[in-house]
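Just entry18.txt here, compact mmCIF, C-alpha atoms:
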# COMPACT_ATOMS: atom_id res chain seq x y z
CA MET A 1 -17.72 -33.11 4.66
CA ALA A 2 -21.25 -34.41 4.16
CA ALA A 3 -23.43 -32.82 1.50
CA ASN A 4 -26.11 -31.78 3.98
CA PHE A 5 -23.86 -29.29 5.73
CA GLY A 6 -24.19 -25.57 4.98
CA ILE A 7 -21.90 -23.36 2.92
CA LEU A 8 -20.24 -20.07 3.87
CA TYR A 9 -20.44 -17.56 1.01
CA ILE A 10 -18.12 -14.53 0.89
CA VAL A 11 -20.22 -11.97 -0.97
CA ALA A 12 -18.97 -8.66 -2.40
CA THR A 13 -21.35 -5.70 -2.20
CA PRO A 14 -21.17 -2.34 -4.05
CA ILE A 15 -18.64 0.28 -2.93
CA GLY A 16 -20.96 3.03 -4.15
CA ASN A 17 -22.80 2.45 -7.41
CA LEU A 18 -25.64 -0.01 -6.79
CA GLU A 19 -25.45 -1.21 -10.40
CA ASP A 20 -22.24 -3.01 -9.44
CA PHE A 21 -24.21 -5.48 -7.32
CA SER A 22 -24.04 -8.68 -9.35
CA PRO A 23 -27.17 -10.79 -10.03
CA ARG A 24 -25.36 -13.78 -8.52
CA ALA A 25 -24.63 -11.91 -5.29
CA ILE A 26 -28.25 -10.82 -4.97
CA ARG A 27 -29.47 -14.38 -5.60
CA VAL A 28 -27.09 -15.87 -3.03
CA LEU A 29 -28.10 -13.34 -0.38
CA ARG A 30 -31.75 -14.20 -0.99
CA GLU A 31 -31.18 -17.96 -0.85
CA VAL A 32 -28.94 -18.31 2.21
CA ASP A 33 -30.42 -18.77 5.67
CA TYR A 34 -28.44 -15.97 7.35
CA VAL A 35 -26.34 -12.97 6.42
CA ALA A 36 -23.43 -12.00 8.69
CA ALA A 37 -22.94 -8.25 8.24
CA GLU A 38 -20.19 -5.96 9.51
CA ASP A 39 -22.86 -3.40 10.48
CA THR A 40 -26.46 -4.59 10.24
CA ARG A 41 -27.76 -1.01 10.41
CA HIS A 42 -25.67 -0.14 7.35
CA SER A 43 -26.45 -3.29 5.37
CA GLN A 44 -30.20 -3.57 6.08
CA PRO A 45 -31.20 -0.68 3.75
CA LEU A 46 -29.06 -2.14 0.94
CA LEU A 47 -30.67 -5.56 1.24
CA MET A 48 -34.16 -4.06 1.48
CA HIS A 49 -33.51 -2.04 -1.68
CA PHE A 50 -32.95 -5.29 -3.56
CA GLY A 51 -35.82 -7.12 -1.92
CA ILE A 52 -33.56 -9.34 0.20
CA GLY A 53 -35.31 -10.31 3.42
CA THR A 54 -32.75 -12.75 4.80
CA SER A 55 -32.15 -12.59 8.56
CA LEU A 56 -29.08 -10.55 9.56
CA PHE A 57 -26.69 -10.86 12.46
CA PRO A 58 -23.60 -8.72 13.23
CA LEU A 59 -20.04 -9.87 12.65
CA HIS A 60 -17.42 -7.19 13.16
CA ASP A 61 -13.94 -6.62 14.59
CA TYR A 62 -15.16 -6.70 18.19
CA ASN A 63 -17.23 -9.88 18.11
CA GLU A 64 -15.69 -11.89 15.28
CA GLN A 65 -14.09 -14.52 17.49
CA GLN A 66 -17.34 -15.08 19.39
CA GLN A 67 -19.43 -15.23 16.20
CA VAL A 68 -17.27 -17.98 14.70
CA ASP A 69 -19.06 -20.54 16.89
CA LYS A 70 -22.46 -19.27 15.71
CA VAL A 71 -21.47 -19.57 12.04
CA ILE A 72 -20.09 -23.08 12.53
CA THR A 73 -23.21 -24.13 14.43
CA TYR A 74 -25.41 -22.94 11.56
CA LEU A 75 -23.26 -24.78 9.01
CA LYS A 76 -23.47 -27.99 11.03
CA GLN A 77 -27.26 -27.62 11.02
CA GLY A 78 -27.20 -27.51 7.23
CA LYS A 79 -27.89 -23.77 7.11
CA SER A 80 -25.86 -21.57 4.75
CA VAL A 81 -24.42 -18.19 5.73
CA ALA A 82 -23.31 -15.25 3.60
CA LEU A 83 -20.62 -12.91 4.92
CA ILE A 84 -20.73 -9.28 3.77
CA SER A 85 -18.84 -6.13 4.78
CA ASP A 86 -20.08 -2.54 4.76
CA ALA A 87 -18.87 -2.17 1.16
CA GLY A 88 -16.82 -4.10 -1.36
CA THR A 89 -15.17 -7.48 -0.96
CA PRO A 90 -15.17 -8.90 2.60
CA LEU A 91 -11.86 -9.47 4.41
CA ILE A 92 -10.06 -6.73 2.41
CA SER A 93 -9.25 -4.43 5.36
CA ASP A 94 -12.48 -5.74 6.90
CA PRO A 95 -13.31 -8.46 9.46
CA GLY A 96 -13.87 -12.09 8.49
CA TYR A 97 -10.42 -13.68 8.36
CA ARG A 98 -10.87 -15.63 11.60
CA VAL A 99 -14.26 -16.92 10.51
CA VAL A 100 -13.07 -18.11 7.12
CA LYS A 101 -9.95 -19.69 8.61
CA GLN A 102 -11.83 -21.66 11.25
CA VAL A 103 -14.68 -22.62 8.94
CA ARG A 104 -12.18 -24.07 6.48
CA GLU A 105 -10.29 -25.83 9.26
CA GLN A 106 -13.58 -27.46 10.29
CA GLY A 107 -13.92 -28.80 6.75
CA PHE A 108 -16.85 -26.68 5.58
CA LYS A 109 -17.06 -25.28 2.07
CA VAL A 110 -16.27 -21.57 1.55
CA VAL A 111 -17.44 -20.04 -1.74
CA PRO A 112 -16.39 -16.57 -2.95
CA VAL A 113 -18.94 -14.45 -4.82
CA PRO A 114 -16.67 -11.75 -6.31
CA GLY A 115 -17.54 -8.18 -7.10
CA ALA A 116 -16.48 -4.62 -6.32
CA CYS A 117 -13.16 -3.98 -4.58
CA ALA A 118 -11.84 -0.44 -4.13
CA LEU A 119 -8.15 -1.28 -4.44
CA VAL A 120 -8.64 -3.22 -7.69
CA ALA A 121 -10.92 -0.52 -9.14
CA ALA A 122 -8.35 2.17 -8.29
CA LEU A 123 -5.42 0.19 -9.69
CA SER A 124 -7.24 -0.51 -12.96
CA ALA A 125 -7.69 3.22 -13.63
CA ALA A 126 -4.50 4.63 -12.08
CA GLY A 127 -2.09 4.25 -14.96
CA LEU A 128 0.55 2.77 -12.65
CA PRO A 129 2.25 -0.62 -13.15
CA SER A 130 -0.37 -3.21 -12.27
CA ASP A 131 1.43 -6.49 -12.96
CA LYS A 132 2.95 -6.43 -9.47
CA PHE A 133 1.67 -4.47 -6.49
CA ILE A 134 1.44 -4.45 -2.69
CA PHE A 135 -1.71 -3.64 -0.74
CA ASP A 136 -0.93 -2.41 2.78
CA GLY A 137 -4.44 -1.46 3.92
CA PHE A 138 -4.89 1.40 6.38
CA LEU A 139 -1.74 3.00 7.73
CA PRO A 140 -1.25 3.62 11.48
CA VAL A 141 -3.04 6.60 13.01
CA LYS A 142 0.04 8.29 14.50
CA SER A 143 2.50 10.04 12.20
CA SER A 144 5.60 8.41 13.71
CA ALA A 145 4.14 4.93 13.22
CA ARG A 146 3.02 5.80 9.67
CA GLN A 147 6.49 6.96 8.71
CA LYS A 148 8.03 3.84 10.20
CA ARG A 149 5.69 1.64 8.13
CA LEU A 150 6.40 3.65 4.97
CA GLN A 151 10.14 3.59 5.60
CA ALA A 152 10.03 -0.20 5.39
CA LEU A 153 8.61 0.18 1.87
CA VAL A 154 10.87 2.94 0.55
CA LYS A 155 12.93 0.54 -1.63
CA GLU A 156 9.91 -1.45 -2.83
CA GLU A 157 9.73 -1.42 -6.63
CA ARG A 158 6.12 -2.65 -6.89
CA THR A 159 3.16 -0.27 -6.92
CA LEU A 160 2.07 0.49 -3.34
CA ILE A 161 -1.63 0.72 -2.44
CA PHE A 162 -3.17 2.04 0.77
CA TYR A 163 -6.59 3.03 2.12
CA GLU A 164 -7.04 6.28 4.01
CA ALA A 165 -9.83 8.16 5.77
CA PRO A 166 -10.65 11.79 4.86
CA HIS A 167 -9.70 13.27 8.24
CA ARG A 168 -6.15 11.87 7.92
CA ILE A 169 -5.47 12.36 4.22
CA LEU A 170 -3.40 15.56 4.49
CA ASP A 171 -1.32 14.30 7.41
CA SER A 172 -0.71 11.05 5.56
CA LEU A 173 0.41 12.90 2.43
CA ASP A 174 2.88 14.83 4.59
CA ASP A 175 4.33 11.51 5.77
CA PHE A 176 4.47 10.10 2.24
CA ILE A 177 6.40 13.19 1.17
CA ALA A 178 8.74 12.94 4.16
CA VAL A 179 9.60 9.32 3.38
CA PHE A 180 9.30 8.95 -0.41
CA GLY A 181 10.12 12.51 -1.44
CA ALA A 182 7.92 15.24 -2.85
CA GLU A 183 8.48 14.15 -6.46
CA ARG A 184 7.40 10.49 -6.17
CA HIS A 185 4.50 9.89 -8.56
CA ALA A 186 1.20 8.89 -6.97
CA VAL A 187 -2.53 8.63 -7.59
CA LEU A 188 -5.42 9.54 -5.29
CA ALA A 189 -8.67 7.72 -6.05
CA ARG A 190 -11.56 9.22 -4.09
CA GLU A 191 -15.21 8.18 -3.72
CA LEU A 192 -14.86 5.42 -6.32
CA THR A 193 -18.05 4.61 -8.30
CA LYS A 194 -19.93 7.36 -6.46
CA THR A 195 -21.30 10.68 -7.75
CA PHE A 196 -18.22 12.73 -6.89
CA GLU A 197 -15.57 10.18 -7.88
CA THR A 198 -12.20 11.71 -8.73
CA ILE A 199 -8.90 10.11 -9.70
CA LEU A 200 -5.98 12.52 -9.43
CA SER A 201 -2.40 11.82 -10.46
CA GLY A 202 0.86 13.72 -10.11
CA SER A 203 3.75 14.06 -7.72
CA LEU A 204 2.97 13.76 -4.02
CA SER A 205 3.56 17.48 -3.57
CA GLU A 206 1.24 18.30 -6.48
CA LEU A 207 -1.51 16.12 -5.05
CA LYS A 208 -1.25 17.77 -1.67
CA LYS A 209 -1.47 21.20 -3.30
CA ILE A 210 -4.67 20.17 -5.12
CA LEU A 211 -6.28 19.02 -1.88
CA LEU A 212 -5.29 22.21 -0.07
CA THR A 213 -6.70 24.32 -2.92
CA ASP A 214 -9.99 22.43 -3.18
CA HIS A 215 -11.42 21.40 0.19
CA ASN A 216 -14.00 19.16 -1.52
CA GLN A 217 -11.14 16.91 -2.64
CA GLN A 218 -10.47 16.09 1.02
CA LYS A 219 -13.87 14.44 1.44
CA GLY A 220 -14.72 10.76 1.07
CA GLU A 221 -12.80 7.52 1.30
CA PHE A 222 -9.39 7.38 -0.40
CA VAL A 223 -7.25 4.81 -2.15
CA ILE A 224 -3.64 6.03 -2.31
CA LEU A 225 -1.43 4.46 -4.98
CA VAL A 226 2.29 5.24 -5.00
CA GLN A 227 4.65 4.34 -7.80
CA GLY A 228 7.32 1.91 -6.71
CA ALA A 229 10.96 2.85 -6.39
CA GLU A 230 12.90 2.94 -9.62
CA THR A 231 15.20 0.00 -10.26
CA VAL A 232 18.73 0.90 -9.29
CA ASP A 233 20.76 0.61 -12.47
CA TYR A 234 23.56 3.02 -11.74
CA ASP A 235 26.77 3.01 -9.71
CA GLU A 236 25.25 3.42 -6.28
CA THR A 237 28.61 3.03 -4.55
CA LYS A 238 30.00 6.12 -6.26
CA SER A 239 26.79 8.08 -5.75
CA GLN A 240 26.70 7.09 -2.09
CA GLN A 241 30.24 8.32 -1.55
CA VAL A 242 29.38 11.68 -3.11
CA LEU A 243 26.13 11.99 -1.18
CA GLU A 244 27.71 11.11 2.16
CA ILE A 245 30.13 14.00 1.72
CA LEU A 246 27.42 16.44 0.61
CA LEU A 247 24.94 15.41 3.30
CA GLY A 248 27.48 16.44 5.89
CA GLU A 249 27.09 20.02 4.73
CA LEU A 250 23.76 20.33 2.91
CA PRO A 251 20.04 19.45 3.29
CA VAL A 252 18.83 16.31 1.52
CA LYS A 253 17.32 18.01 -1.55
CA GLN A 254 20.31 20.27 -2.20
CA ALA A 255 22.71 17.36 -1.69
CA ALA A 256 20.78 15.22 -4.18
CA ASN A 257 20.61 18.00 -6.78
CA LEU A 258 24.34 18.70 -6.52
CA ALA A 259 25.18 15.00 -6.58
CA ALA A 260 23.15 14.66 -9.79
CA LYS A 261 25.27 17.34 -11.42
CA ILE A 262 28.48 15.67 -10.25
CA THR A 263 27.60 12.07 -11.14
CA GLY A 264 25.10 12.51 -13.96
CA ASP A 265 22.65 10.23 -12.18
CA SER A 266 18.90 10.82 -11.86
CA LYS A 267 17.84 13.42 -9.28
CA ASN A 268 14.96 11.23 -8.15
CA LYS A 269 17.18 8.20 -7.63
CA LEU A 270 19.73 10.26 -5.75
CA TYR A 271 17.06 11.90 -3.62
CA GLU A 272 15.73 8.49 -2.55
CA LEU A 273 19.27 7.29 -1.85
CA ALA A 274 19.92 10.45 0.18
CA LEU A 275 16.78 9.79 2.24
CA ARG A 276 17.93 6.27 2.98
CA LEU A 277 21.37 7.48 4.02
CA LYS A 278 19.90 10.24 6.17
CA ASN A 279 17.56 7.82 7.95
CA LYS A 280 20.18 5.17 8.72

Could you quickly redo this structure as structure tokens?
Amino acid sequence: MAANFGILYIVATPIGNLEDFSPRAIRVLREVDYVAAEDTRHSQPLLMHFGIGTSLFPLHDYNEQQQVDKVITYLKQGKSVALISDAGTPLISDPGYRVVKQVREQGFKVVPVPGACALVAALSAAGLPSDKFIFDGFLPVKSSARQKRLQALVKEERTLIFYEAPHRILDSLDDFIAVFGAERHAVLARELTKTFETILSGSLSELKKILLTDHNQQKGEFVILVQGAETVDYDETKSQQVLEILLGELPVKQAANLAAKITGDSKNKLYELALRLKNK
């Protein structure tokens, strides 16, 4: 690709604290010809605060495919474009994938300008295993669909990370409990880098109790981190035989507790196995 063509920059913006806006990001946004913003009304005040007067145009979920042609036209004209989302790193549960894909396929240069990202910030402070993790974005709106998505992850041993909106947080916790069990360890990171930031840890049932007790803890944007399933290092065949008998007569929790006494295996492991057997 010739040197006189433009560049597409993927620029991270703050998720709350404006001091997280990097000098490089500010410089790039000042120097490019256009800024493609998820919501221009949301981004304009941020750019004005930092003295960035670059022309904005919208690029969101509903017009992304149409705006690809505009971006490519600008790049062909030698004009550079910066892509930003409402907050954090673009494309992470935000629009932009189609643009980046097609811009790269056309042979134009795409340059990341890294910065704040809610899932990484939450993981770094959660105290959960961070060497391997899965980010699954926003869960489905309906409870049945949420549980189906979570059920597919019930055996996953890596740390699980999700985003959730405040008006769905309690319902989502109910579904996490239904699928993973009340005792699965988790972390709720709320309003990261903002004035009322809180990072709560405990069992899923404990976290739900905290939110029910303190209504303020239900406000703001959430990152939910759930500890992965424990590695199965016991005789699951024997435990399964015991559980299958007990589940014919008892609820899941009672069956798991009694099976633990019979086999000597972990209650948590047996509870998760019982859930899998019950949901077959």

Could you produce a table of the residues of region 173-268 of chain A lying within 7 Å of region 117-136 of chain A, with the nearest pair of atoms per residue and their separation in Å rounded to one decimal, using all atoms listed in the file, ordered by chain and increasing residue number, as JSON lines?
{"residue": "A:Val187", "atom": "CA", "partner": "A:Ala126", "partner_atom": "CA", "distance": 6.3}
{"residue": "A:Ala189", "atom": "CA", "partner": "A:Ala122", "partner_atom": "CA", "distance": 6.0}
{"residue": "A:Leu192", "atom": "CA", "partner": "A:Ala118", "partner_atom": "CA", "distance": 6.9}
{"residue": "A:Val223", "atom": "CA", "partner": "A:Leu119", "partner_atom": "CA", "distance": 6.6}
{"residue": "A:Gln227", "atom": "CA", "partner": "A:Leu128", "partner_atom": "CA", "distance": 6.5}

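Of the listed residues A:Gly220, A:Gln151, A:Ile10, A:Phe108, the one whose atoms come nearest to Gly78 (chain A) is A:Phe108, with distances taken using only C-alpha atoms.
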
As an exercise, work out the distance from CA of Tyr74 (chain A) to CA of Leu59 (chain A) in Å and give it to one decimal place.
14.2 Å

Point-to-point distance from CA of Glu206 (chain A) to CA of Leu139 (chain A), Å rounded to tenths:
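CA of Glu206 (chain A) sits 21.1 Å away from CA of Leu139 (chain A).
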
Separation of CA of Glu164 (chain A) from CA of Glu183 (chain A) in Å
20.3 Å

For Leu204 (chain A), find every residue with an atom within 9 Å (counting all atoms listed in the file), except residues of its own chain fewer than 6 positions away, and show them as an MDAnalysis selection string.
chainID A and resid 173:174 176:177 180:187 226

Neighbours of Ala256 (chain A) within 9 Å (only C-alpha atoms; same-chain residues fewer than 4 positions away dropped), as JSON, numbers by chain?
{"A": [243, 246, 247, 251, 252, 260, 261, 267, 268, 269, 270, 271, 272, 273, 274]}
